[in-house]
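Colleague: Pasting a structure below so you can have a look.
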Amino acid sequence: MDFLTLFNIYYLLWYALPGFLLAIDLQNAITWDHWYDMRFHTNNLETAVAIFIGYFLIITSFYSKLAQKNGKKILIKSRKTSTIYSYAIFLCLFGMLALYIASLPFGSILAAITNSSAARAGIESKGDLGFFTRFTSAATFACYILLGYLSTKNTGQSRFGKLFWFIISFITAFTSFLTKAGRLNIIVFLLGFYQIYVVINKKVPWLTSIVFIFTMSLFLLYGKNFFFSLSAMPDGLDAVIQKFNESIAGGNKESFNFYEFMNNFYYTNFSLDIALTNKNYDLRWFSDIIYGFLSLIPKVLLGGVKSPPSILYYNSVYILGPDDAIGAAVPTGILAFGIYSMSWPGLIIICLIYGWIGGFLQAILNKHLNSIFWMPHFYTIVAQLWSTFMSSDPETFLQGDFMSLISCSFLVLIGCKFYLTKPAPKFNRHKS
C-alpha cells in the first residue's frame, strides 16, 4: 500500500464522502447535536469545487517529474543494526514510562483503562499529566521497527530478544490505545501491519484483506460497546463480558451508527465551507506554521508570555461559537488551512507543496525498500504521517504526531547516511 493509496482512502473519509453526505443530507445524516449549533454551514458549490481542485492539484504535484527525479537522487545507507535496535528499545521503554505517568491521575494503568470512556467524554479528568499521553506513540513506532528485526534473521541480535521486545512494544502500544478509548487509533495501528505486509510482498492478499475488513467492520460496529464494557474490569473478565453483552442486548446508545461515526470526519468540510463563506477574518499568510511550532514550547519556558492564537482557535470559534469553543479544538484540514492563509492562491500553494512532498518522500523510500530491511516499516510510518496531515492544521499535526515526528527524525539522524547520486553521463553519437 503506497502513499497515494493511503491518501485516497483518507481523502475519501475526510473530504469526498462527508461532502457527499452533507450535500444530500440523507435522512438527516448529520447528527447535528454533535456539532452544537452549526449556524454557518451553507453547503455551497464553491466548497465542492475546492475539494475537487485540491485533489487534482495534490495528485498532479505528487507525480511531478521534479519530485520523482530529486527523490531518486538521494541514496541512503543504513548504519549498524545494533544502533537502530537499541534506539527502538529506548523508544519502547520511553513509551512505557509515558503510559505509566499519564495513568497516574487515575491511580494505575488498569484504572486508566477502566475510566477511558469517561475520560474521552470529559467526565473524568486526565489532569496535567495527561500531557504525557502524546509520548505513548513512541511504543507504536518501536513496534513497527522491531517487527523488521523480528522478520529478518541476520541482524546480530538473538531471536528471543527480538521477539521479547516486539511483544513488549506491541502490548504497550495497544494498552495506550485502550486508555484513549479510540477505535480509529487501534484500526490505524493494525492497518500499519497490513500495509507493511503489502509493501514487502508487493501484492494485496485478498483473503487477508477480506478478513481484515470484516474484523475492522465488527470493531467499528461494537467498538464503543467494547470500551464501555471495560469499566467493569475491576470486577473481573466475566463482568466485562456480561456488560458487553448487556450493552448490545439492551440497545445501548454505544452501539455503532454509521452517520454518528461519520461525525468524526465532517469537520474538514465545515472548516472549508466557513473559510470560503466567512469573510470576517484577515488572511493568515501561512503564519500558523510558526504558531504550530510555538505551541510545542512548554508554557513554563515562555515565562507567562502567550503566543498569538492559531487558526485552530479561530476555526473552532467560527464553527462552534465563542462559548462552545472554550476547551474545544476543531482542526481546519489542509484545504481550509490554505484558504485561511491566502484564499484560493493559498489552497493552490499548500496542495502543490503537500503533493510534491509526498511524491518526493515516496521516491526516496521506494528506492531502498529492498536494500534496507527496516525500510518497509519506516515507509509505513512516514506514509501514515503524510496522509493524516490532510485532516490537520500545523498546530494539530505537530501536537498530535509530535512523538512520531521526533522518532522519525532521530532514526534518520542516528540510523542513516545520505548521499547524492550523480546523474549518468550522456554519450553523444556522432555521425561518421
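For the C-alpha cells, the naming scheme is as follows: chains receive sequential letters (A, B, ...) according to their order of presentation, residues are indexed from 1 within each chain, and ligands are indexed from 1 in presentation order.
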Set the distance at 9 Å and use only C-alpha atoms: which residues neighbour Phe360 in chain A once local chain neighbours fewer than 3 positions away are removed? I'd like the list as a PDB file with all heavy atoms, in the first residue's frame.

Modeller:
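result.pdb written:
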```pdb
ATOM      1  N   PHE A  62       2.089  15.304  -6.868  1.00  0.00           N
ATOM      2  CA  PHE A  62       2.685  14.055  -6.383  1.00  0.00           C
ATOM      3  C   PHE A  62       3.478  13.366  -7.486  1.00  0.00           C
ATOM      4  O   PHE A  62       4.559  12.830  -7.253  1.00  0.00           O
ATOM      5  CB  PHE A  62       1.574  13.135  -5.860  1.00  0.00           C
ATOM      6  CG  PHE A  62       2.064  11.852  -5.253  1.00  0.00           C
ATOM      7  CD1 PHE A  62       2.310  11.767  -3.897  1.00  0.00           C
ATOM      8  CD2 PHE A  62       2.265  10.714  -6.034  1.00  0.00           C
ATOM      9  CE1 PHE A  62       2.757  10.582  -3.324  1.00  0.00           C
ATOM     10  CE2 PHE A  62       2.717   9.538  -5.474  1.00  0.00           C
ATOM     11  CZ  PHE A  62       2.965   9.469  -4.114  1.00  0.00           C
ATOM     12  N   TYR A  63       2.929  13.385  -8.702  1.00  0.00           N
ATOM     13  CA  TYR A  63       3.570  12.701  -9.823  1.00  0.00           C
ATOM     14  C   TYR A  63       4.486  13.619 -10.640  1.00  0.00           C
ATOM     15  O   TYR A  63       4.937  13.230 -11.726  1.00  0.00           O
ATOM     16  CB  TYR A  63       2.509  12.109 -10.753  1.00  0.00           C
ATOM     17  CG  TYR A  63       1.905  10.832 -10.230  1.00  0.00           C
ATOM     18  CD1 TYR A  63       0.547  10.758  -9.929  1.00  0.00           C
ATOM     19  CD2 TYR A  63       2.687   9.702 -10.040  1.00  0.00           C
ATOM     20  CE1 TYR A  63      -0.018   9.580  -9.450  1.00  0.00           C
ATOM     21  CE2 TYR A  63       2.139   8.525  -9.567  1.00  0.00           C
ATOM     22  CZ  TYR A  63       0.782   8.469  -9.272  1.00  0.00           C
ATOM     23  OH  TYR A  63       0.233   7.306  -8.801  1.00  0.00           O
ATOM     24  N   LEU A  66       9.787  16.616 -11.117  1.00  0.00           N
ATOM     25  CA  LEU A  66      10.758  17.212 -10.207  1.00  0.00           C
ATOM     26  C   LEU A  66      10.804  16.465  -8.883  1.00  0.00           C
ATOM     27  O   LEU A  66      11.891  16.198  -8.346  1.00  0.00           O
ATOM     28  CB  LEU A  66      10.411  18.685  -9.968  1.00  0.00           C
ATOM     29  CG  LEU A  66      11.431  19.504  -9.172  1.00  0.00           C
ATOM     30  CD1 LEU A  66      12.761  19.551  -9.917  1.00  0.00           C
ATOM     31  CD2 LEU A  66      10.899  20.912  -8.926  1.00  0.00           C
ATOM     32  N   ALA A  67       9.623  16.104  -8.349  1.00  0.00           N
ATOM     33  CA  ALA A  67       9.581  15.366  -7.089  1.00  0.00           C
ATOM     34  C   ALA A  67      10.196  13.985  -7.250  1.00  0.00           C
ATOM     35  O   ALA A  67      10.992  13.532  -6.412  1.00  0.00           O
ATOM     36  CB  ALA A  67       8.135  15.254  -6.600  1.00  0.00           C
ATOM     37  N   GLN A  68       9.830  13.293  -8.313  1.00  0.00           N
ATOM     38  CA  GLN A  68      10.339  11.941  -8.539  1.00  0.00           C
ATOM     39  C   GLN A  68      11.840  11.940  -8.816  1.00  0.00           C
ATOM     40  O   GLN A  68      12.594  11.122  -8.281  1.00  0.00           O
ATOM     41  CB  GLN A  68       9.586  11.303  -9.723  1.00  0.00           C
ATOM     42  CG  GLN A  68       8.081  11.211  -9.553  1.00  0.00           C
ATOM     43  CD  GLN A  68       7.670  10.294  -8.426  1.00  0.00           C
ATOM     44  OE1 GLN A  68       8.287   9.245  -8.205  1.00  0.00           O
ATOM     45  NE2 GLN A  68       6.636  10.672  -7.687  1.00  0.00           N
ATOM     46  N   LYS A  69      12.295  12.889  -9.639  1.00  0.00           N
ATOM     47  CA  LYS A  69      13.698  12.948 -10.021  1.00  0.00           C
ATOM     48  C   LYS A  69      14.590  13.272  -8.827  1.00  0.00           C
ATOM     49  O   LYS A  69      15.623  12.618  -8.609  1.00  0.00           O
ATOM     50  CB  LYS A  69      13.887  13.996 -11.121  1.00  0.00           C
ATOM     51  CG  LYS A  69      15.300  14.109 -11.652  1.00  0.00           C
ATOM     52  CD  LYS A  69      15.371  15.151 -12.753  1.00  0.00           C
ATOM     53  CE  LYS A  69      16.796  15.293 -13.277  1.00  0.00           C
ATOM     54  NZ  LYS A  69      16.884  16.318 -14.352  1.00  0.00           N
ATOM     55  N   ASN A  70      14.202  14.275  -8.041  1.00  0.00           N
ATOM     56  CA  ASN A  70      15.007  14.657  -6.883  1.00  0.00           C
ATOM     57  C   ASN A  70      15.010  13.573  -5.812  1.00  0.00           C
ATOM     58  O   ASN A  70      16.025  13.358  -5.139  1.00  0.00           O
ATOM     59  CB  ASN A  70      14.486  15.966  -6.286  1.00  0.00           C
ATOM     60  CG  ASN A  70      14.807  17.165  -7.151  1.00  0.00           C
ATOM     61  OD1 ASN A  70      15.757  17.130  -7.931  1.00  0.00           O
ATOM     62  ND2 ASN A  70      14.020  18.217  -7.034  1.00  0.00           N
ATOM     63  N   GLY A  71      13.873  12.884  -5.637  1.00  0.00           N
ATOM     64  CA  GLY A  71      13.813  11.815  -4.654  1.00  0.00           C
ATOM     65  C   GLY A  71      14.732  10.655  -4.996  1.00  0.00           C
ATOM     66  O   GLY A  71      15.385  10.075  -4.127  1.00  0.00           O
ATOM     67  N   LYS A  72      14.809  10.328  -6.274  1.00  0.00           N
ATOM     68  CA  LYS A  72      15.641   9.213  -6.713  1.00  0.00           C
ATOM     69  C   LYS A  72      17.134   9.526  -6.659  1.00  0.00           C
ATOM     70  O   LYS A  72      17.965   8.616  -6.741  1.00  0.00           O
ATOM     71  CB  LYS A  72      15.237   8.806  -8.132  1.00  0.00           C
ATOM     72  CG  LYS A  72      13.847   8.177  -8.201  1.00  0.00           C
ATOM     73  CD  LYS A  72      13.448   7.860  -9.632  1.00  0.00           C
ATOM     74  CE  LYS A  72      12.052   7.246  -9.678  1.00  0.00           C
ATOM     75  NZ  LYS A  72      11.608   6.958 -11.065  1.00  0.00           N
ATOM     76  N   GLY A 355       1.464  17.707  -2.117  1.00  0.00           N
ATOM     77  CA  GLY A 355       1.595  16.614  -3.073  1.00  0.00           C
ATOM     78  C   GLY A 355       3.046  16.367  -3.451  1.00  0.00           C
ATOM     79  O   GLY A 355       3.481  15.214  -3.566  1.00  0.00           O
ATOM     80  N   TRP A 356       3.818  17.450  -3.643  1.00  0.00           N
ATOM     81  CA  TRP A 356       5.225  17.326  -4.005  1.00  0.00           C
ATOM     82  C   TRP A 356       6.015  16.607  -2.906  1.00  0.00           C
ATOM     83  O   TRP A 356       6.839  15.728  -3.194  1.00  0.00           O
ATOM     84  CB  TRP A 356       5.823  18.708  -4.252  1.00  0.00           C
ATOM     85  CG  TRP A 356       7.181  18.669  -4.880  1.00  0.00           C
ATOM     86  CD1 TRP A 356       7.467  18.726  -6.204  1.00  0.00           C
ATOM     87  CD2 TRP A 356       8.451  18.546  -4.201  1.00  0.00           C
ATOM     88  NE1 TRP A 356       8.836  18.644  -6.410  1.00  0.00           N
ATOM     89  CE2 TRP A 356       9.454  18.533  -5.198  1.00  0.00           C
ATOM     90  CE3 TRP A 356       8.817  18.439  -2.870  1.00  0.00           C
ATOM     91  CZ2 TRP A 356      10.810  18.424  -4.891  1.00  0.00           C
ATOM     92  CZ3 TRP A 356      10.165  18.330  -2.546  1.00  0.00           C
ATOM     93  CH2 TRP A 356      11.149  18.333  -3.546  1.00  0.00           C
ATOM     94  N   ILE A 357       5.761  16.956  -1.653  1.00  0.00           N
ATOM     95  CA  ILE A 357       6.460  16.312  -0.533  1.00  0.00           C
ATOM     96  C   ILE A 357       6.154  14.819  -0.505  1.00  0.00           C
ATOM     97  O   ILE A 357       7.048  13.987  -0.301  1.00  0.00           O
ATOM     98  CB  ILE A 357       6.065  16.970   0.802  1.00  0.00           C
ATOM     99  CG1 ILE A 357       6.641  18.391   0.878  1.00  0.00           C
ATOM    100  CG2 ILE A 357       6.555  16.138   1.985  1.00  0.00           C
ATOM    101  CD1 ILE A 357       6.193  19.167   2.101  1.00  0.00           C
ATOM    102  N   ALA A 363       9.498   8.560  -3.469  1.00  0.00           N
ATOM    103  CA  ALA A 363      10.590   8.258  -4.406  1.00  0.00           C
ATOM    104  C   ALA A 363      11.862   7.870  -3.653  1.00  0.00           C
ATOM    105  O   ALA A 363      12.586   6.954  -4.057  1.00  0.00           O
ATOM    106  CB  ALA A 363      10.847   9.466  -5.312  1.00  0.00           C
ATOM    107  N   ILE A 364      12.133   8.563  -2.550  1.00  0.00           N
ATOM    108  CA  ILE A 364      13.319   8.240  -1.744  1.00  0.00           C
ATOM    109  C   ILE A 364      13.194   6.860  -1.122  1.00  0.00           C
ATOM    110  O   ILE A 364      14.090   6.012  -1.236  1.00  0.00           O
ATOM    111  CB  ILE A 364      13.515   9.283  -0.622  1.00  0.00           C
ATOM    112  CG1 ILE A 364      13.809  10.661  -1.205  1.00  0.00           C
ATOM    113  CG2 ILE A 364      14.669   8.865   0.296  1.00  0.00           C
ATOM    114  CD1 ILE A 364      13.857  11.746  -0.155  1.00  0.00           C
ATOM    115  N   LEU A 365      12.074   6.624  -0.451  1.00  0.00           N
ATOM    116  CA  LEU A 365      11.907   5.385   0.310  1.00  0.00           C
ATOM    117  C   LEU A 365      11.722   4.172  -0.593  1.00  0.00           C
ATOM    118  O   LEU A 365      12.191   3.075  -0.266  1.00  0.00           O
ATOM    119  CB  LEU A 365      10.722   5.522   1.273  1.00  0.00           C
ATOM    120  CG  LEU A 365      10.813   6.690   2.281  1.00  0.00           C
ATOM    121  CD1 LEU A 365       9.602   6.707   3.207  1.00  0.00           C
ATOM    122  CD2 LEU A 365      12.096   6.600   3.096  1.00  0.00           C
TER     123      LEU A 365
END
```

Colleague: Write out as a ChimeraX atom specification the residues lying within 12 Å of Ile171 in chain A, counting only C-alpha atoms and excluding same-chain residues fewer than 5 positions away.

Modeller: /A:92-93,95-96,99,136,139-140,142-143,164-166,176-178

Colleague: Would you export the selected residues with C-alpha atoms as a JSON list (two decimals), in the first residue's frame, please?

Modeller:
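The new file result.json reads:
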```json
[["chain", "number", "residue", "atom", "x", "y", "z"],
["A", 92, "CYS", "CA", 9.69, 1.21, 23.72],
["A", 93, "LEU", "CA", 10.86, 1.96, 27.28],
["A", 95, "GLY", "CA", 6.57, 4.80, 25.67],
["A", 96, "MET", "CA", 6.10, 2.56, 28.71],
["A", 99, "LEU", "CA", 1.99, 5.45, 29.65],
["A", 136, "THR", "CA", 2.98, 6.89, 24.30],
["A", 139, "ALA", "CA", 5.91, 2.43, 21.56],
["A", 140, "THR", "CA", 3.96, 2.26, 18.29],
["A", 142, "ALA", "CA", 9.22, 0.97, 18.17],
["A", 143, "CYS", "CA", 6.78, -1.85, 17.47],
["A", 164, "PHE", "CA", 10.59, -10.23, 23.62],
["A", 165, "TRP", "CA", 10.93, -6.53, 22.78],
["A", 166, "PHE", "CA", 8.43, -6.74, 19.94],
["A", 176, "SER", "CA", -2.07, 3.04, 25.35],
["A", 177, "PHE", "CA", -4.90, 2.84, 22.80],
["A", 178, "LEU", "CA", -7.16, 1.24, 25.40]]
```

Colleague: I'd like the contact shell of range 292-296 of chain A - 12 Å cut-off, only C-alpha atoms, skipping same-chain residues fewer than 5 positions apart - returned as an MDAnalysis selection string.

Modeller: chainID A and resid 131 134 286:287 301:302 305:313 392:403 406

Colleague: Among the residues of range 14-238 of chain A, find those DSSP assigns to helix (DSSP H, G or I) from the backbone and print them as a ChimeraX atom specification.

Modeller: /A:14-24,32-35,45-62,65-73,81-106,109-114,116-120,128-150,159-180,183-201,206-235,237-238

Colleague: Could you name the residues that touch Tyr314 in chain A at 10 Å or less, counting only C-alpha atoms, but leaving out those on the same chain fewer than 6 positions away, as a ChimeraX atom specification?

Modeller: /A:281,320-322,325,329-332

Colleague: How would the residues just chosen look if you wrote them out with C-alpha atoms as a CSV table (one decimal), in the first residue's frame?

Modeller:
```csv
chain,number,residue,atom,x,y,z
A,281,TYR,CA,-11.1,37.4,9.1
A,320,LEU,CA,-18.9,26.3,17.4
A,321,GLY,CA,-19.3,29.9,18.5
A,322,PRO,CA,-17.2,31.7,21.2
A,325,ALA,CA,-15.3,26.7,21.5
A,329,ALA,CA,-10.5,22.3,19.1
A,330,VAL,CA,-11.7,21.8,15.5
A,331,PRO,CA,-8.8,21.3,13.1
A,332,THR,CA,-9.1,23.1,9.7
```

Colleague: Just the residues within 9 Å of range 232-242 of chain A, please, counting only C-alpha atoms, with nothing from its chain fewer than 5 positions along; format it as a PyMOL selection string.

Modeller: chain A and resi 110-111+113-114+226+247

Colleague: Next, write the just-selected residues to a file, as a compact mmCIF listing (two decimals), in the first residue's frame, keeping N, CA, C and O atoms as the atom set.

Modeller:
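Wrote selection.txt, looks like this:
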```txt
# COMPACT_ATOMS: atom_id res chain seq x y z
N LEU A 110 -4.45 0.13 34.87
CA LEU A 110 -5.73 -0.58 34.83
C LEU A 110 -6.89 0.38 35.08
O LEU A 110 -7.93 0.31 34.40
N ALA A 111 -6.72 1.28 36.03
CA ALA A 111 -7.77 2.26 36.32
C ALA A 111 -7.96 3.22 35.16
O ALA A 111 -9.08 3.66 34.87
N ILE A 113 -7.56 2.48 32.00
CA ILE A 113 -8.34 1.74 31.00
C ILE A 113 -9.81 1.69 31.42
O ILE A 113 -10.71 1.88 30.60
N THR A 114 -10.05 1.44 32.70
CA THR A 114 -11.41 1.35 33.22
C THR A 114 -12.18 2.65 33.00
O THR A 114 -13.37 2.63 32.68
N PHE A 226 -17.37 -2.25 23.39
CA PHE A 226 -16.19 -2.86 23.99
C PHE A 226 -15.55 -1.93 25.02
O PHE A 226 -15.26 -2.33 26.16
N SER A 247 -24.85 -4.42 26.97
CA SER A 247 -24.89 -3.18 26.21
C SER A 247 -25.41 -3.41 24.79
O SER A 247 -26.03 -2.53 24.20
```

Colleague: Counting only C-alpha atoms, which residue out of A:Ile187, A:Leu21, A:Leu75, A:Ile58 sits closest to Lys417 in chain A?

Modeller: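 When distances to Lys417 in chain A are compared using only C-alpha atoms, the smallest one comes from A:Leu75.
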